[in-house]
Amino acid sequence: MAKEGGPRGATEWLVVEDSETGEAVELPIEEGNAIRATGLRGFKKGPGLLMLDPGYRSTACCTSAVTHVDRQKGDLFYRGYSIAELVDRSSFEETAFLLLFGDLPTSEQFSQFRRGLAEHTYLHQNLAELIATFRYDSMPMGMLVSSMAAMSTFYPEASPALRQRPGLYQEDPAVRTTQIYRILGKMPTVAAYIYRHRLGLPFTPPGHQMGLVENFLYMMDRRADEPYVPNPVLVDVLDKLFIVLADQELSC
C-alpha cells in the first residue's frame, strides 16, 4: 500500500487589520487550515487580542501526525495510508500497529505483535470479580472506564508516580510496549465480560489461536462447554468496523 494525502503545508496568509488604527498583522495559515491564536497577542495593547470560542467549536488544540481527515473529499488517512486501502487489504491488528508505531508491520513484526497481544488477554481474577460486582444494568461505558482504571492498580511497576520516574514511558520502551499489549490485549476481554455480566451469563475466558476480533466474539457468544467458532463473516465485518473507528483525529 502506498502512503498519500495528509495535511497541506502553510501556503496562504490571513491578513487582519485594525479598523481603528489601521495596524495589520499577517498570520500564516498552517497545516490543518488553522492560524495560531498567539499571532494576535501583540495586535492590541495589554494582553493582546484574545479569541473567544465557547465550547471549542472552532479551535484546534494540537495537530495530529497520526490521522488526517480530508473533510472536503471525505477521505480518512492513518499515518498517510488511505482508510479504504486499509479496510480492503489490512486487519485491525495491523492497523493498530500502524497507528502506534508509524508504519505497517513486517511479517516478523506482526507475528511478534499478535503474540504479545495474545499473552495479555487474560484478566486477573480480582478484576473479573470486580466486574461481577457492578449492577447488571449499569451503564456499560461506566463499567468499562472503572475496570480499566482498576487495572492500573494491578501493575505498580508501570506507574511513573510509584516508581518515581516521571519520564518512565519515554525512557523505557519495554515498559511502554508491555502497557500497549496489556491495554489492547485485555480491553476486548473486559468488554466481553461486561457484555456477559449484563446478560447474567458466566464469563468465558479468552480462546487460543485466535485473532483479537475473533477472540472478542468468542468470549461474547460462547455458551456452556459447546465448541464454538465465531462466524467468519461477522469477524470480517467487525474487523473492518474496528479499523474505521480506530482513530478519528481529534473528534473522539
# chains A, B, ... in the order shown; residues from 1 in each chain; ligands from 1
>>> select_by_dssp(residues="stretch 194-242 of chain A", states="alpha helix (DSSP H)", output="PyMOL selection string")
chain A and resi 194-199+212-221+232-242
>>> residues_around(residues="A:Thr95", least_positions_apart="4", cutoff="12 Å", atoms="only C-alpha atoms", output="ChimeraX atom specification")
/A:66-67,77-83,85-91,99-105,110,113,239-247
>>> residues_around(residues="A:Val145", least_positions_apart="5", cutoff="12 Å", atoms="only C-alpha atoms", output="list in words")
Ile131, Met139, Pro140, Ala150, Met151, Ser152, Met187, Val190, Ala191 and Ile194 of chain A
>>> atom_distance(atom1="atom CA of A:Leu130", atom2="atom CA of A:Met148")
11.0 Å
>>> closest_residue(among="A:Leu117, A:Thr177, A:Phe154, A:Gln72", to="A:Glu94", atoms="only C-alpha atoms")
A:Leu117
>>> closest_residue(among="A:Ala24, A:Met143, A:Ala224, A:Ala132", to="A:Gly200", atoms="only C-alpha atoms")
A:Ala132
>>> residues_around(residues="A:Tyr228", least_positions_apart="5", cutoff="12 Å", atoms="only C-alpha atoms", output="PDB file with N, CA, C and O atoms, in the first residue's frame")
ATOM      1  N   THR A 204     -16.568 -16.084  29.889  1.00  0.00           N
ATOM      2  CA  THR A 204     -15.840 -17.034  29.045  1.00  0.00           C
ATOM      3  C   THR A 204     -14.393 -16.569  28.915  1.00  0.00           C
ATOM      4  O   THR A 204     -14.143 -15.477  28.406  1.00  0.00           O
ATOM      5  N   GLY A 207      -9.993 -17.422  24.162  1.00  0.00           N
ATOM      6  CA  GLY A 207      -9.646 -18.649  23.461  1.00  0.00           C
ATOM      7  C   GLY A 207      -8.197 -18.649  23.025  1.00  0.00           C
ATOM      8  O   GLY A 207      -7.434 -17.717  23.298  1.00  0.00           O
ATOM      9  N   GLU A 214     -11.723 -11.990  16.493  1.00  0.00           N
ATOM     10  CA  GLU A 214     -12.373 -13.301  16.602  1.00  0.00           C
ATOM     11  C   GLU A 214     -12.500 -13.722  18.057  1.00  0.00           C
ATOM     12  O   GLU A 214     -13.534 -14.244  18.488  1.00  0.00           O
ATOM     13  N   ASN A 215     -11.472 -13.457  18.851  1.00  0.00           N
ATOM     14  CA  ASN A 215     -11.491 -13.809  20.256  1.00  0.00           C
ATOM     15  C   ASN A 215     -12.551 -13.009  21.008  1.00  0.00           C
ATOM     16  O   ASN A 215     -13.213 -13.520  21.920  1.00  0.00           O
ATOM     17  N   LEU A 217     -15.431 -11.889  19.825  1.00  0.00           N
ATOM     18  CA  LEU A 217     -16.732 -12.501  19.550  1.00  0.00           C
ATOM     19  C   LEU A 217     -16.876 -13.851  20.247  1.00  0.00           C
ATOM     20  O   LEU A 217     -17.963 -14.211  20.712  1.00  0.00           O
ATOM     21  N   TYR A 218     -15.785 -14.595  20.313  1.00  0.00           N
ATOM     22  CA  TYR A 218     -15.806 -15.879  21.003  1.00  0.00           C
ATOM     23  C   TYR A 218     -16.180 -15.702  22.476  1.00  0.00           C
ATOM     24  O   TYR A 218     -17.037 -16.425  23.016  1.00  0.00           O
ATOM     25  N   MET A 219     -15.557 -14.737  23.143  1.00  0.00           N
ATOM     26  CA  MET A 219     -15.838 -14.503  24.559  1.00  0.00           C
ATOM     27  C   MET A 219     -17.249 -13.972  24.791  1.00  0.00           C
ATOM     28  O   MET A 219     -17.851 -14.213  25.835  1.00  0.00           O
ATOM     29  N   MET A 220     -17.787 -13.267  23.821  1.00  0.00           N
ATOM     30  CA  MET A 220     -19.137 -12.735  23.958  1.00  0.00           C
ATOM     31  C   MET A 220     -20.204 -13.811  23.774  1.00  0.00           C
ATOM     32  O   MET A 220     -21.193 -13.848  24.511  1.00  0.00           O
ATOM     33  N   ASP A 221     -20.020 -14.691  22.802  1.00  0.00           N
ATOM     34  CA  ASP A 221     -21.118 -15.529  22.336  1.00  0.00           C
ATOM     35  C   ASP A 221     -21.036 -17.003  22.712  1.00  0.00           C
ATOM     36  O   ASP A 221     -22.013 -17.741  22.512  1.00  0.00           O
ATOM     37  N   ARG A 222     -19.910 -17.473  23.221  1.00  0.00           N
ATOM     38  CA  ARG A 222     -19.792 -18.899  23.532  1.00  0.00           C
ATOM     39  C   ARG A 222     -20.762 -19.270  24.653  1.00  0.00           C
ATOM     40  O   ARG A 222     -20.922 -18.555  25.628  1.00  0.00           O
ATOM     41  N   ARG A 223     -21.413 -20.426  24.513  1.00  0.00           N
ATOM     42  CA  ARG A 223     -22.369 -20.909  25.501  1.00  0.00           C
ATOM     43  C   ARG A 223     -21.886 -22.231  26.098  1.00  0.00           C
ATOM     44  O   ARG A 223     -21.553 -23.170  25.366  1.00  0.00           O
TER      45      ARG A 223
END
>>> residues_around(residues="stretch 179-182 of chain A", least_positions_apart="4", cutoff="12 Å", atoms="only C-alpha atoms", output="tab-separated table (two decimals) with N, CA and C atoms, in the first residue's frame")
chain	number	residue	atom	x	y	z
A	93	GLU	N	-5.54	-5.52	13.69
A	93	GLU	CA	-4.28	-5.62	14.44
A	93	GLU	C	-3.14	-4.95	13.66
A	96	ALA	N	-3.71	-1.26	14.05
A	96	ALA	CA	-3.31	-0.81	15.39
A	96	ALA	C	-1.80	-0.64	15.46
A	97	PHE	N	-1.05	-1.57	14.88
A	97	PHE	CA	0.41	-1.45	14.82
A	97	PHE	C	0.81	-0.19	14.07
A	99	LEU	N	-0.90	2.62	13.64
A	99	LEU	CA	-1.20	3.82	14.41
A	99	LEU	C	-0.20	4.02	15.55
A	100	LEU	N	0.22	2.93	16.16
A	100	LEU	CA	1.12	3.00	17.31
A	100	LEU	C	2.56	3.30	16.91
A	101	PHE	N	3.03	2.64	15.85
A	101	PHE	CA	4.45	2.68	15.54
A	101	PHE	C	4.80	3.40	14.25
A	112	GLN	N	5.12	-11.03	16.12
A	112	GLN	CA	5.51	-10.66	17.48
A	112	GLN	C	4.41	-9.83	18.15
A	113	PHE	N	3.79	-8.94	17.39
A	113	PHE	CA	2.73	-8.09	17.92
A	113	PHE	C	1.52	-8.92	18.32
A	114	ARG	N	1.10	-9.83	17.46
A	114	ARG	CA	-0.05	-10.69	17.77
A	114	ARG	C	0.25	-11.58	18.97
A	115	ARG	N	1.48	-12.06	19.05
A	115	ARG	CA	1.86	-12.90	20.18
A	115	ARG	C	1.82	-12.10	21.48
A	116	GLY	N	2.28	-10.85	21.42
A	116	GLY	CA	2.24	-10.01	22.60
A	116	GLY	C	0.83	-9.72	23.06
A	117	LEU	N	-0.08	-9.49	22.12
A	117	LEU	CA	-1.48	-9.27	22.48
A	117	LEU	C	-2.10	-10.51	23.08
A	118	ALA	N	-1.81	-11.68	22.46
A	118	ALA	CA	-2.41	-12.93	22.93
A	118	ALA	C	-1.96	-13.26	24.35
A	119	GLU	N	-0.74	-12.89	24.70
A	119	GLU	CA	-0.21	-13.19	26.03
A	119	GLU	C	-0.83	-12.32	27.12
A	120	HIS	N	-1.54	-11.28	26.71
A	120	HIS	CA	-2.10	-10.35	27.70
A	120	HIS	C	-3.63	-10.26	27.60
A	121	THR	N	-4.26	-11.33	27.16
A	121	THR	CA	-5.73	-11.29	27.06
A	121	THR	C	-6.42	-11.67	28.37
A	122	TYR	N	-5.75	-12.45	29.20
A	122	TYR	CA	-6.38	-12.91	30.44
A	122	TYR	C	-6.43	-11.79	31.48
A	123	LEU	N	-7.49	-11.78	32.29
A	123	LEU	CA	-7.64	-10.82	33.37
A	123	LEU	C	-7.28	-11.46	34.70
A	124	HIS	N	-6.73	-10.65	35.59
A	124	HIS	CA	-6.53	-11.10	36.96
A	124	HIS	C	-7.90	-11.44	37.54
A	148	MET	N	-10.96	-0.37	33.60
A	148	MET	CA	-9.64	0.00	33.09
A	148	MET	C	-8.86	0.80	34.12
A	151	MET	N	-7.57	-1.59	36.63
A	151	MET	CA	-6.49	-2.41	36.10
A	151	MET	C	-5.13	-1.79	36.41
A	152	SER	N	-5.06	-0.47	36.48
A	152	SER	CA	-3.78	0.20	36.74
A	152	SER	C	-3.23	-0.16	38.12
A	154	PHE	N	-3.13	-3.07	39.41
A	154	PHE	CA	-2.56	-4.41	39.39
A	154	PHE	C	-1.11	-4.43	38.89
A	155	TYR	N	-0.65	-3.31	38.34
A	155	TYR	CA	0.69	-3.27	37.74
A	155	TYR	C	1.45	-2.06	38.26
A	156	PRO	N	1.84	-2.07	39.54
A	156	PRO	CA	2.54	-0.90	40.11
A	156	PRO	C	3.87	-0.60	39.43
A	157	GLU	N	4.49	-1.62	38.83
A	157	GLU	CA	5.76	-1.38	38.16
A	157	GLU	C	5.62	-0.49	36.93
A	158	ALA	N	4.39	-0.31	36.47
A	158	ALA	CA	4.14	0.53	35.28
A	158	ALA	C	3.68	1.93	35.66
A	159	SER	N	3.70	2.27	36.95
A	159	SER	CA	3.25	3.59	37.40
A	159	SER	C	4.44	4.54	37.55
A	168	LEU	N	9.03	7.72	32.71
A	168	LEU	CA	9.17	6.27	32.58
A	168	LEU	C	8.87	5.78	31.18
A	169	TYR	N	7.77	6.23	30.59
A	169	TYR	CA	7.36	5.71	29.28
A	169	TYR	C	8.22	6.25	28.15
A	172	ASP	N	11.83	4.14	28.92
A	172	ASP	CA	11.86	2.68	28.93
A	172	ASP	C	10.88	2.11	27.91
A	173	PRO	N	11.34	1.86	26.68
A	173	PRO	CA	10.45	1.32	25.64
A	173	PRO	C	9.82	-0.02	26.01
A	174	ALA	N	10.51	-0.83	26.81
A	174	ALA	CA	9.98	-2.15	27.17
A	174	ALA	C	8.73	-2.00	28.02
A	175	VAL	N	8.74	-1.06	28.97
A	175	VAL	CA	7.56	-0.82	29.82
A	175	VAL	C	6.42	-0.28	28.96
A	186	LYS	N	-6.22	-6.79	26.78
A	186	LYS	CA	-7.23	-7.00	27.81
A	186	LYS	C	-8.54	-6.24	27.56
A	187	MET	N	-8.50	-5.20	26.76
A	187	MET	CA	-9.72	-4.43	26.51
A	187	MET	C	-10.86	-5.29	25.95
A	188	PRO	N	-10.63	-6.15	24.94
A	188	PRO	CA	-11.73	-6.99	24.46
A	188	PRO	C	-12.26	-7.93	25.53
A	189	THR	N	-11.37	-8.43	26.40
A	189	THR	CA	-11.81	-9.32	27.47
A	189	THR	C	-12.70	-8.57	28.45
A	190	VAL	N	-12.28	-7.38	28.84
A	190	VAL	CA	-13.08	-6.56	29.75
A	190	VAL	C	-14.45	-6.28	29.13
A	212	LEU	N	-7.53	-10.97	17.60
A	212	LEU	CA	-8.18	-10.15	18.62
A	212	LEU	C	-9.68	-10.04	18.40
